[in-house]
$ cat coords04.cif   # mmCIF, C-alpha atoms
data_entry
#
loop_
_atom_site.label_atom_id
_atom_site.label_comp_id
_atom_site.auth_asym_id
_atom_site.auth_seq_id
_atom_site.Cartn_x
_atom_site.Cartn_y
_atom_site.Cartn_z
CA VAL A 1168 -19.70 12.35 -33.93
CA ALA A 1169 -19.41 9.31 -31.64
CA ILE A 1170 -18.76 9.46 -27.90
CA THR A 1171 -17.24 6.34 -26.36
CA ALA A 1172 -18.35 4.45 -23.24
CA HIS A 1173 -15.96 6.55 -21.12
CA GLY A 1174 -18.10 9.60 -21.82
CA ALA A 1175 -17.09 13.16 -22.61
CA GLY A 1176 -17.13 16.61 -21.08
CA GLU A 1177 -19.97 19.10 -21.13
CA GLU A 1178 -18.02 21.31 -23.52
CA VAL A 1179 -17.94 18.49 -26.09
CA TYR A 1180 -21.74 18.21 -26.10
CA SER A 1181 -22.04 22.00 -26.33
CA GLU A 1182 -19.74 22.11 -29.34
CA ILE A 1183 -21.63 19.30 -31.07
CA ARG A 1184 -24.92 21.15 -30.55
CA ARG A 1185 -23.36 24.43 -31.74
CA ARG A 1186 -22.22 22.84 -34.96
CA GLY A 1187 -25.46 20.94 -35.48
CA LEU A 1188 -23.62 17.63 -35.82
CA ARG A 1189 -25.24 14.20 -35.55
CA LEU A 1190 -24.36 12.56 -32.24
CA VAL A 1191 -23.94 8.86 -31.47
CA ASP A 1192 -23.59 8.73 -27.69
CA THR A 1193 -22.43 5.34 -26.33
CA THR A 1194 -21.56 6.64 -22.86
CA CYS A 1195 -22.03 3.87 -20.28
CA THR A 1196 -25.15 4.52 -18.20
CA ILE A 1197 -23.13 4.14 -14.98
CA VAL A 1198 -20.61 6.72 -16.20
CA ARG A 1199 -23.47 9.02 -17.18
CA ARG A 1200 -24.83 8.71 -13.64
CA ALA A 1201 -21.42 9.69 -12.22
CA GLN A 1202 -21.33 12.75 -14.50
CA GLN A 1203 -24.82 13.77 -13.47
CA THR A 1204 -23.98 13.24 -9.80
CA ALA A 1205 -20.92 15.49 -10.11
CA ALA A 1206 -22.94 18.24 -11.81
CA LYS A 1207 -25.74 18.01 -9.23
CA LEU A 1208 -23.30 18.21 -6.31
CA VAL A 1209 -21.73 21.36 -7.77
CA ASP A 1210 -25.17 22.89 -8.32
CA GLU A 1211 -25.87 22.26 -4.63
CA GLY A 1212 -22.68 24.01 -3.57
CA TYR A 1213 -20.34 21.07 -3.03
CA PHE A 1214 -16.70 20.90 -4.06
CA VAL A 1215 -16.33 17.49 -5.73
CA ILE A 1216 -13.59 14.95 -5.01
CA VAL A 1217 -13.37 12.09 -7.52
CA TYR A 1218 -11.60 8.97 -6.29
CA GLY A 1219 -9.81 8.02 -9.48
CA GLU A 1220 -6.93 8.49 -11.88
CA ALA A 1221 -6.75 12.12 -13.02
CA ASP A 1222 -5.50 11.21 -16.52
CA HIS A 1223 -8.21 8.60 -17.18
CA PRO A 1224 -10.67 9.61 -19.95
CA GLU A 1225 -13.68 8.81 -17.77
CA VAL A 1226 -12.40 10.91 -14.87
CA LYS A 1227 -11.55 13.82 -17.17
CA GLY A 1228 -15.11 13.65 -18.47
CA ILE A 1229 -16.62 13.62 -14.98
CA LEU A 1230 -14.49 16.56 -13.85
CA SER A 1231 -15.54 18.61 -16.87
CA TRP A 1232 -19.09 18.56 -15.44
CA THR A 1233 -17.90 20.24 -12.22
CA ALA A 1234 -17.22 23.66 -13.79
CA GLY A 1235 -13.74 23.72 -12.25
CA LYS A 1236 -15.05 22.85 -8.79
CA GLY A 1237 -13.64 19.37 -8.56
CA ILE A 1238 -10.39 17.40 -8.49
CA ALA A 1239 -9.38 13.76 -8.87
CA THR A 1240 -7.10 11.96 -6.43
CA LEU A 1241 -6.18 8.49 -5.22
CA THR A 1242 -5.12 9.65 -1.77
CA PRO A 1243 -7.20 11.20 1.03
CA GLU A 1244 -4.26 13.52 1.75
CA VAL A 1245 -5.69 16.13 -0.57
CA GLU A 1246 -6.11 19.85 0.07
CA LEU A 1247 -9.39 21.57 -0.74
CA PRO A 1248 -9.48 25.18 -1.92
CA GLU A 1249 -10.04 27.68 0.88
CA GLU A 1250 -13.44 28.70 -0.49
CA ALA A 1251 -14.82 25.12 -0.24
CA ARG A 1252 -17.60 24.91 2.36
CA LYS A 1253 -19.10 21.52 1.45
CA MET A 1254 -17.46 18.41 -0.02
CA GLY A 1255 -18.98 15.72 -2.21
CA ILE A 1256 -17.04 12.48 -2.70
CA ILE A 1257 -17.65 10.22 -5.72
CA ALA A 1258 -15.63 7.60 -7.61
CA GLN A 1259 -14.37 6.54 -10.99
CA THR A 1260 -16.88 3.83 -11.88
CA THR A 1261 -14.31 1.04 -12.30
CA LYS A 1262 -12.79 1.44 -8.83
CA LYS A 1263 -13.26 -1.33 -6.27
CA PRO A 1264 -16.17 -0.44 -3.97
CA GLU A 1265 -14.25 -1.45 -0.84
CA LEU A 1266 -11.30 0.79 -1.76
CA PHE A 1267 -13.64 3.70 -2.46
CA ALA A 1268 -15.37 3.18 0.90
CA ARG A 1269 -11.99 3.18 2.67
CA PHE A 1270 -10.89 6.31 0.81
CA ALA A 1271 -14.15 8.16 1.42
CA GLN A 1272 -14.11 7.34 5.13
CA ALA A 1273 -10.51 8.54 5.54
CA LEU A 1274 -11.20 11.74 3.61
CA ALA A 1275 -14.42 12.43 5.50
CA GLU A 1276 -12.68 11.90 8.84
CA ARG A 1277 -9.93 14.29 7.79
CA TYR A 1278 -12.40 17.10 7.09
CA THR A 1279 -15.02 16.42 9.76
CA GLY A 1280 -15.53 19.63 11.72
CA LYS A 1281 -13.79 21.71 9.05
CA LEU A 1282 -16.65 21.81 6.53
CA GLY A 1283 -20.35 22.52 6.78
CA GLU A 1284 -21.31 19.24 5.11
CA ILE A 1285 -19.71 16.13 3.62
CA ARG A 1286 -21.64 13.89 1.24
CA ILE A 1287 -20.48 10.52 -0.08
CA VAL A 1288 -22.09 9.05 -3.23
CA ASP A 1289 -20.95 5.59 -4.36
CA THR A 1290 -20.72 5.84 -8.15
CA THR A 1291 -18.73 2.62 -8.61
CA CYS A 1292 -20.18 0.17 -11.12
CA PRO A 1293 -22.13 -2.69 -9.46
CA GLU A 1294 -21.22 -5.01 -12.33
CA THR A 1295 -17.52 -4.30 -11.79
CA GLY A 1296 -17.88 -5.19 -8.11
CA ARG A 1297 -19.65 -8.44 -8.99
CA ARG A 1298 -16.91 -9.25 -11.51
CA TYR A 1299 -14.21 -8.81 -8.85
CA GLN A 1300 -16.13 -11.04 -6.42
CA ALA A 1301 -16.68 -13.69 -9.08
CA ALA A 1302 -12.93 -13.66 -9.81
CA ARG A 1303 -12.18 -14.25 -6.11
CA GLU A 1304 -14.62 -17.15 -6.01
CA LEU A 1305 -13.12 -18.60 -9.19
CA ALA A 1306 -9.62 -18.32 -7.74
CA ALA A 1307 -10.61 -20.58 -4.86
CA LYS A 1308 -11.36 -23.40 -7.32
CA VAL A 1309 -8.45 -23.27 -9.79
CA ASP A 1310 -4.66 -23.54 -9.99
CA LEU A 1311 -4.12 -20.78 -12.54
CA LEU A 1312 -6.02 -17.65 -13.63
CA VAL A 1313 -5.97 -16.02 -17.06
CA VAL A 1314 -7.36 -12.49 -17.30
CA VAL A 1315 -8.29 -11.42 -20.84
CA GLY A 1316 -8.48 -7.78 -21.84
CA SER A 1317 -6.61 -4.65 -22.85
CA ARG A 1318 -3.65 -3.61 -20.71
CA THR A 1319 -4.76 -0.01 -21.14
CA SER A 1320 -8.15 -0.77 -19.57
CA ALA A 1321 -8.27 0.35 -15.93
CA ASN A 1322 -11.10 -2.12 -15.35
CA THR A 1323 -9.13 -5.10 -16.65
CA ARG A 1324 -5.92 -4.09 -14.86
CA LYS A 1325 -7.83 -3.91 -11.57
CA LEU A 1326 -9.39 -7.30 -12.30
CA ALA A 1327 -5.93 -8.81 -12.85
CA GLU A 1328 -4.74 -7.15 -9.63
CA THR A 1329 -7.69 -8.65 -7.75
CA CYS A 1330 -6.80 -12.09 -9.10
CA ARG A 1331 -3.15 -11.77 -8.08
CA GLU A 1332 -4.20 -10.70 -4.58
CA THR A 1333 -5.77 -14.15 -4.10
CA GLY A 1334 -2.32 -15.74 -4.37
CA VAL A 1335 -3.24 -17.81 -7.42
CA PRO A 1336 -0.74 -17.49 -10.32
CA THR A 1337 -2.27 -14.99 -12.76
CA HIS A 1338 -1.50 -14.01 -16.34
CA HIS A 1339 -3.04 -10.90 -17.94
CA ILE A 1340 -3.22 -11.26 -21.72
CA GLU A 1341 -4.87 -9.37 -24.57
CA SER A 1342 -5.29 -12.27 -26.97
CA ALA A 1343 -4.92 -16.05 -27.33
CA GLY A 1344 -1.61 -15.52 -29.13
CA GLU A 1345 0.04 -14.62 -25.82
CA LEU A 1346 -0.77 -17.95 -24.16
CA GLU A 1347 2.15 -20.29 -23.46
CA PRO A 1348 1.88 -24.10 -23.03
CA GLY A 1349 4.41 -23.98 -20.19
CA TRP A 1350 1.94 -22.09 -18.00
CA LEU A 1351 -0.04 -25.33 -17.64
CA ALA A 1352 2.81 -27.34 -16.13
CA GLY A 1353 1.57 -28.83 -12.86
CA VAL A 1354 -1.83 -27.22 -13.39
CA ASP A 1355 -5.09 -29.20 -13.29
CA LEU A 1356 -7.66 -26.40 -13.48
CA VAL A 1357 -7.45 -23.04 -15.28
CA GLY A 1358 -9.88 -20.20 -14.66
CA VAL A 1359 -10.58 -17.58 -17.32
CA THR A 1360 -12.05 -14.15 -16.58
CA ALA A 1361 -12.21 -10.99 -18.66
CA GLY A 1362 -12.65 -7.25 -18.52
CA ALA A 1363 -16.10 -5.81 -19.18
CA SER A 1364 -15.13 -4.52 -22.64
CA THR A 1365 -13.39 -7.68 -23.86
CA PRO A 1366 -15.15 -9.07 -26.98
CA ASP A 1367 -16.73 -12.52 -26.61
CA ASP A 1368 -14.83 -13.89 -29.61
CA VAL A 1369 -11.48 -12.97 -28.00
CA ILE A 1370 -12.48 -14.80 -24.81
CA ALA A 1371 -13.68 -17.81 -26.80
CA ALA A 1372 -10.36 -17.98 -28.68
CA VAL A 1373 -8.46 -18.00 -25.39
CA VAL A 1374 -10.60 -20.83 -24.02
CA ASP A 1375 -10.14 -22.80 -27.25
CA VAL A 1376 -6.35 -22.51 -27.14
CA LEU A 1377 -6.26 -23.49 -23.47
CA HIS A 1378 -8.30 -26.59 -24.30
CA ARG A 1379 -5.82 -27.48 -27.04
CA PHE A 1380 -2.88 -26.96 -24.68
CA GLY A 1381 -4.63 -29.23 -22.17
CA ASP A 1382 -5.15 -31.92 -24.79
CA MET A 1383 -1.45 -31.69 -25.75
CA LYS A 1384 -0.44 -32.09 -22.10
CA ASP A 1385 -2.73 -35.08 -21.62
CA GLY A 1386 -1.36 -36.68 -24.79
CA SER A 1387 2.22 -36.26 -23.59
CA ARG A 1388 1.28 -37.76 -20.22
CA ASP A 1389 -0.33 -40.80 -21.93
CA ARG A 1390 2.76 -41.37 -24.09
CA GLY A 1391 4.93 -41.12 -21.02
#

$ encode --input "coords04.cif" --output "structure tokens"
Amino acid sequence: VAITAHGAGEEVYSEIRRRGLRLVDTTCTIVRRAQQTAAKLVDEGYFVIVYGEADHPEVKGILSWTAGKGIATLTPEVELPEEARKMGIIAQTTKKPELFARFAQALAERYTGKLGEIRIVDTTCPETGRRYQAARELAAKVDLLVVVGSRTSANTRKLAETCRETGVPTHHIESAGELEPGWLAGVDLVGVTAGASTPDDVIAAVVDVLHRFGDMKDGSRDRG
């Protein structure tokens, strides 16, 4: 049985052990840390709030380690169960650190004085944060951005969103076959960035096609 990078719930591991099956666990170490943090908070009496998308596989996995004492939300306007006395706030690992910090602060302020203790643990992925920052820096140097990666990947969608927020025209594609020569009209420099799970050969193919489009444009300009 193989577990993907998004991780799985505690009940999955229990069932694998019960059946004596061979396990190949490829859970991302950062996701594993988030799962362990959630379980530890519950053990210490905290009700866990996960800043993330409730239907995301990673978030479902994290919540399964809370023994029913946790919920996922993207808004601080969330109601805790009456029996909650302490609140622990963590995040889906692919969320932007600055958005998590804003969310956690708003949620903590909302419940200050109403709970015995509030604890915030930043479980966002440092590499994801660096990737967002690198995309912003790249955007300052180019005329067009191409983001490569699956449209179902929360990480890659957020990366594309970060690029668009810079104001630089941005295209999110899954493969080189989606590139269009017309995108390069009036463009001198193109920046390429990719989601964490995008294979290197897919990125290389995109770069290769962009180079060919650039050569075609230069050839047309010379003939003109």

$ closest_residue --input "coords04.cif" --among "A:Thr1295, A:Ser1320, A:Thr1242, A:Thr1290" --to "Ile1229 (chain A)" --atoms "all atoms listed in the file"
A:Thr1290

$ closest_residue --input "coords04.cif" --among "A:Leu1346, A:Ala1205, A:Ala1271, A:Val1198" --to "Pro1224 (chain A)" --atoms "all atoms listed in the file"
A:Val1198

$ resolve_selection --input "coords04.cif" --expression "the PyMOL selection byres ((chain A and resi 1238) around 12)" --output "ChimeraX atom specification"
/A:1205,1213-1222,1226-1237,1239-1243,1245-1248,1254-1259

$ write_last_selection --input "coords04.cif" --atoms "C-alpha atoms" --output "PDB file, keeping the file's coordinate frame"
ATOM      1  CA  ALA A1205     -20.920  15.490 -10.110  1.00  0.00           C
ATOM      2  CA  TYR A1213     -20.340  21.070  -3.030  1.00  0.00           C
ATOM      3  CA  PHE A1214     -16.700  20.900  -4.060  1.00  0.00           C
ATOM      4  CA  VAL A1215     -16.330  17.490  -5.730  1.00  0.00           C
ATOM      5  CA  ILE A1216     -13.590  14.950  -5.010  1.00  0.00           C
ATOM      6  CA  VAL A1217     -13.370  12.090  -7.520  1.00  0.00           C
ATOM      7  CA  TYR A1218     -11.600   8.970  -6.290  1.00  0.00           C
ATOM      8  CA  GLY A1219      -9.810   8.020  -9.480  1.00  0.00           C
ATOM      9  CA  GLU A1220      -6.930   8.490 -11.880  1.00  0.00           C
ATOM     10  CA  ALA A1221      -6.750  12.120 -13.020  1.00  0.00           C
ATOM     11  CA  ASP A1222      -5.500  11.210 -16.520  1.00  0.00           C
ATOM     12  CA  VAL A1226     -12.400  10.910 -14.870  1.00  0.00           C
ATOM     13  CA  LYS A1227     -11.550  13.820 -17.170  1.00  0.00           C
ATOM     14  CA  GLY A1228     -15.110  13.650 -18.470  1.00  0.00           C
ATOM     15  CA  ILE A1229     -16.620  13.620 -14.980  1.00  0.00           C
ATOM     16  CA  LEU A1230     -14.490  16.560 -13.850  1.00  0.00           C
ATOM     17  CA  SER A1231     -15.540  18.610 -16.870  1.00  0.00           C
ATOM     18  CA  TRP A1232     -19.090  18.560 -15.440  1.00  0.00           C
ATOM     19  CA  THR A1233     -17.900  20.240 -12.220  1.00  0.00           C
ATOM     20  CA  ALA A1234     -17.220  23.660 -13.790  1.00  0.00           C
ATOM     21  CA  GLY A1235     -13.740  23.720 -12.250  1.00  0.00           C
ATOM     22  CA  LYS A1236     -15.050  22.850  -8.790  1.00  0.00           C
ATOM     23  CA  GLY A1237     -13.640  19.370  -8.560  1.00  0.00           C
ATOM     24  CA  ALA A1239      -9.380  13.760  -8.870  1.00  0.00           C
ATOM     25  CA  THR A1240      -7.100  11.960  -6.430  1.00  0.00           C
ATOM     26  CA  LEU A1241      -6.180   8.490  -5.220  1.00  0.00           C
ATOM     27  CA  THR A1242      -5.120   9.650  -1.770  1.00  0.00           C
ATOM     28  CA  PRO A1243      -7.200  11.200   1.030  1.00  0.00           C
ATOM     29  CA  VAL A1245      -5.690  16.130  -0.570  1.00  0.00           C
ATOM     30  CA  GLU A1246      -6.110  19.850   0.070  1.00  0.00           C
ATOM     31  CA  LEU A1247      -9.390  21.570  -0.740  1.00  0.00           C
ATOM     32  CA  PRO A1248      -9.480  25.180  -1.920  1.00  0.00           C
ATOM     33  CA  MET A1254     -17.460  18.410  -0.020  1.00  0.00           C
ATOM     34  CA  GLY A1255     -18.980  15.720  -2.210  1.00  0.00           C
ATOM     35  CA  ILE A1256     -17.040  12.480  -2.700  1.00  0.00           C
ATOM     36  CA  ILE A1257     -17.650  10.220  -5.720  1.00  0.00           C
ATOM     37  CA  ALA A1258     -15.630   7.600  -7.610  1.00  0.00           C
ATOM     38  CA  GLN A1259     -14.370   6.540 -10.990  1.00  0.00           C
TER      39      GLN A1259
END

$ closest_atom_pairs --input "coords04.cif" --of "region 1237-1263 of chain A" --to "region 1323-1341 of chain A" --cutoff "12 Å" --atoms "all atoms listed in the file" --output "tab-separated table"
residue	atom	partner	partner_atom	distance
A:Thr1260	CA	A:Lys1325	CA	11.9
A:Thr1261	CA	A:Lys1325	CA	8.2
A:Lys1262	CA	A:Lys1325	CA	7.8
A:Lys1263	CA	A:Lys1325	CA	8.0

$ residues_near_point --input "coords04.cif" --point "(3.6, -25.4, -15.8)" --cutoff "12 Å" --atoms "only C-alpha atoms" --output "PDB file with C-alpha atoms, in the frame of the given file"
ATOM      1  CA  ASP A1310      -4.660 -23.540  -9.990  1.00  0.00           C
ATOM      2  CA  LEU A1311      -4.120 -20.780 -12.540  1.00  0.00           C
ATOM      3  CA  PRO A1336      -0.740 -17.490 -10.320  1.00  0.00           C
ATOM      4  CA  GLU A1347       2.150 -20.290 -23.460  1.00  0.00           C
ATOM      5  CA  PRO A1348       1.880 -24.100 -23.030  1.00  0.00           C
ATOM      6  CA  GLY A1349       4.410 -23.980 -20.190  1.00  0.00           C
ATOM      7  CA  TRP A1350       1.940 -22.090 -18.000  1.00  0.00           C
ATOM      8  CA  LEU A1351      -0.040 -25.330 -17.640  1.00  0.00           C
ATOM      9  CA  ALA A1352       2.810 -27.340 -16.130  1.00  0.00           C
ATOM     10  CA  GLY A1353       1.570 -28.830 -12.860  1.00  0.00           C
ATOM     11  CA  VAL A1354      -1.830 -27.220 -13.390  1.00  0.00           C
ATOM     12  CA  ASP A1355      -5.090 -29.200 -13.290  1.00  0.00           C
ATOM     13  CA  LEU A1356      -7.660 -26.400 -13.480  1.00  0.00           C
ATOM     14  CA  VAL A1357      -7.450 -23.040 -15.280  1.00  0.00           C
ATOM     15  CA  PHE A1380      -2.880 -26.960 -24.680  1.00  0.00           C
ATOM     16  CA  GLY A1381      -4.630 -29.230 -22.170  1.00  0.00           C
ATOM     17  CA  LYS A1384      -0.440 -32.090 -22.100  1.00  0.00           C
TER      18      LYS A1384
END

$ atom_distance --input "coords04.cif" --atom1 "CA of Gly1358 (chain A)" --atom2 "CA of Asn1322 (chain A)"
18.1 Å

$ closest_residue --input "coords04.cif" --among "A:His1223, A:Thr1204, A:Arg1303, A:Val1374" --to "Ile1287 (chain A)" --atoms "only C-alpha atoms"
A:Thr1204

$ build_atoms --input "coords04.cif" --residues "region 1252-1277 of chain A" --atoms "N, CA and C atoms" --output "PDB file, in the frame of the given file"
ATOM      1  N   ARG A1252     -16.820  24.962   1.113  1.00  0.00           N
ATOM      2  CA  ARG A1252     -17.600  24.910   2.360  1.00  0.00           C
ATOM      3  C   ARG A1252     -18.266  23.541   2.538  1.00  0.00           C
ATOM      4  N   LYS A1253     -18.500  22.854   1.412  1.00  0.00           N
ATOM      5  CA  LYS A1253     -19.100  21.520   1.450  1.00  0.00           C
ATOM      6  C   LYS A1253     -18.310  20.615   0.497  1.00  0.00           C
ATOM      7  N   MET A1254     -18.228  19.334   0.814  1.00  0.00           N
ATOM      8  CA  MET A1254     -17.460  18.410  -0.020  1.00  0.00           C
ATOM      9  C   MET A1254     -18.316  17.206  -0.414  1.00  0.00           C
ATOM     10  N   GLY A1255     -18.311  16.909  -1.711  1.00  0.00           N
ATOM     11  CA  GLY A1255     -18.980  15.720  -2.210  1.00  0.00           C
ATOM     12  C   GLY A1255     -17.928  14.744  -2.711  1.00  0.00           C
ATOM     13  N   ILE A1256     -18.043  13.489  -2.341  1.00  0.00           N
ATOM     14  CA  ILE A1256     -17.040  12.480  -2.700  1.00  0.00           C
ATOM     15  C   ILE A1256     -17.691  11.417  -3.587  1.00  0.00           C
ATOM     16  N   ILE A1257     -17.156  11.235  -4.801  1.00  0.00           N
ATOM     17  CA  ILE A1257     -17.650  10.220  -5.720  1.00  0.00           C
ATOM     18  C   ILE A1257     -16.456   9.416  -6.247  1.00  0.00           C
ATOM     19  N   ALA A1258     -16.716   8.477  -7.156  1.00  0.00           N
ATOM     20  CA  ALA A1258     -15.630   7.600  -7.610  1.00  0.00           C
ATOM     21  C   ALA A1258     -15.657   7.362  -9.113  1.00  0.00           C
ATOM     22  N   GLN A1259     -14.478   7.100  -9.646  1.00  0.00           N
ATOM     23  CA  GLN A1259     -14.370   6.540 -10.990  1.00  0.00           C
ATOM     24  C   GLN A1259     -15.132   5.220 -10.969  1.00  0.00           C
ATOM     25  N   THR A1260     -15.937   4.953 -11.967  1.00  0.00           N
ATOM     26  CA  THR A1260     -16.880   3.830 -11.880  1.00  0.00           C
ATOM     27  C   THR A1260     -16.200   2.466 -11.789  1.00  0.00           C
ATOM     28  N   THR A1261     -14.971   2.341 -12.290  1.00  0.00           N
ATOM     29  CA  THR A1261     -14.310   1.040 -12.300  1.00  0.00           C
ATOM     30  C   THR A1261     -13.511   0.753 -11.037  1.00  0.00           C
ATOM     31  N   LYS A1262     -13.533   1.664 -10.074  1.00  0.00           N
ATOM     32  CA  LYS A1262     -12.790   1.440  -8.830  1.00  0.00           C
ATOM     33  C   LYS A1262     -13.481   0.387  -7.968  1.00  0.00           C
ATOM     34  N   LYS A1263     -12.689  -0.327  -7.165  1.00  0.00           N
ATOM     35  CA  LYS A1263     -13.260  -1.330  -6.270  1.00  0.00           C
ATOM     36  C   LYS A1263     -14.085  -0.630  -5.186  1.00  0.00           C
ATOM     37  N   PRO A1264     -15.315  -1.085  -4.973  1.00  0.00           N
ATOM     38  CA  PRO A1264     -16.170  -0.440  -3.970  1.00  0.00           C
ATOM     39  C   PRO A1264     -15.548  -0.377  -2.584  1.00  0.00           C
ATOM     40  N   GLU A1265     -14.842  -1.441  -2.188  1.00  0.00           N
ATOM     41  CA  GLU A1265     -14.250  -1.450  -0.840  1.00  0.00           C
ATOM     42  C   GLU A1265     -13.118  -0.432  -0.711  1.00  0.00           C
ATOM     43  N   LEU A1266     -12.373  -0.208  -1.802  1.00  0.00           N
ATOM     44  CA  LEU A1266     -11.300   0.790  -1.760  1.00  0.00           C
ATOM     45  C   LEU A1266     -11.886   2.193  -1.741  1.00  0.00           C
ATOM     46  N   PHE A1267     -12.976   2.399  -2.491  1.00  0.00           N
ATOM     47  CA  PHE A1267     -13.640   3.700  -2.460  1.00  0.00           C
ATOM     48  C   PHE A1267     -14.189   3.990  -1.068  1.00  0.00           C
ATOM     49  N   ALA A1268     -14.801   2.986  -0.444  1.00  0.00           N
ATOM     50  CA  ALA A1268     -15.370   3.180   0.900  1.00  0.00           C
ATOM     51  C   ALA A1268     -14.274   3.552   1.890  1.00  0.00           C
ATOM     52  N   ARG A1269     -13.115   2.895   1.771  1.00  0.00           N
ATOM     53  CA  ARG A1269     -11.990   3.180   2.670  1.00  0.00           C
ATOM     54  C   ARG A1269     -11.470   4.608   2.450  1.00  0.00           C
ATOM     55  N   PHE A1270     -11.354   4.972   1.173  1.00  0.00           N
ATOM     56  CA  PHE A1270     -10.890   6.310   0.810  1.00  0.00           C
ATOM     57  C   PHE A1270     -11.853   7.374   1.317  1.00  0.00           C
ATOM     58  N   ALA A1271     -13.134   7.175   1.042  1.00  0.00           N
ATOM     59  CA  ALA A1271     -14.150   8.160   1.420  1.00  0.00           C
ATOM     60  C   ALA A1271     -14.196   8.355   2.936  1.00  0.00           C
ATOM     61  N   GLN A1272     -14.085   7.243   3.669  1.00  0.00           N
ATOM     62  CA  GLN A1272     -14.110   7.340   5.130  1.00  0.00           C
ATOM     63  C   GLN A1272     -12.920   8.131   5.652  1.00  0.00           C
ATOM     64  N   ALA A1273     -11.729   7.836   5.093  1.00  0.00           N
ATOM     65  CA  ALA A1273     -10.510   8.540   5.540  1.00  0.00           C
ATOM     66  C   ALA A1273     -10.592  10.028   5.206  1.00  0.00           C
ATOM     67  N   LEU A1274     -11.103  10.348   4.017  1.00  0.00           N
ATOM     68  CA  LEU A1274     -11.200  11.740   3.610  1.00  0.00           C
ATOM     69  C   LEU A1274     -12.243  12.478   4.450  1.00  0.00           C
ATOM     70  N   ALA A1275     -13.368  11.817   4.696  1.00  0.00           N
ATOM     71  CA  ALA A1275     -14.420  12.430   5.500  1.00  0.00           C
ATOM     72  C   ALA A1275     -13.931  12.694   6.923  1.00  0.00           C
ATOM     73  N   GLU A1276     -13.209  11.730   7.483  1.00  0.00           N
ATOM     74  CA  GLU A1276     -12.680  11.900   8.840  1.00  0.00           C
ATOM     75  C   GLU A1276     -11.697  13.062   8.897  1.00  0.00           C
ATOM     76  N   ARG A1277     -10.936  13.225   7.827  1.00  0.00           N
ATOM     77  CA  ARG A1277      -9.930  14.290   7.790  1.00  0.00           C
ATOM     78  C   ARG A1277     -10.574  15.670   7.805  1.00  0.00           C
TER      79      ARG A1277
END
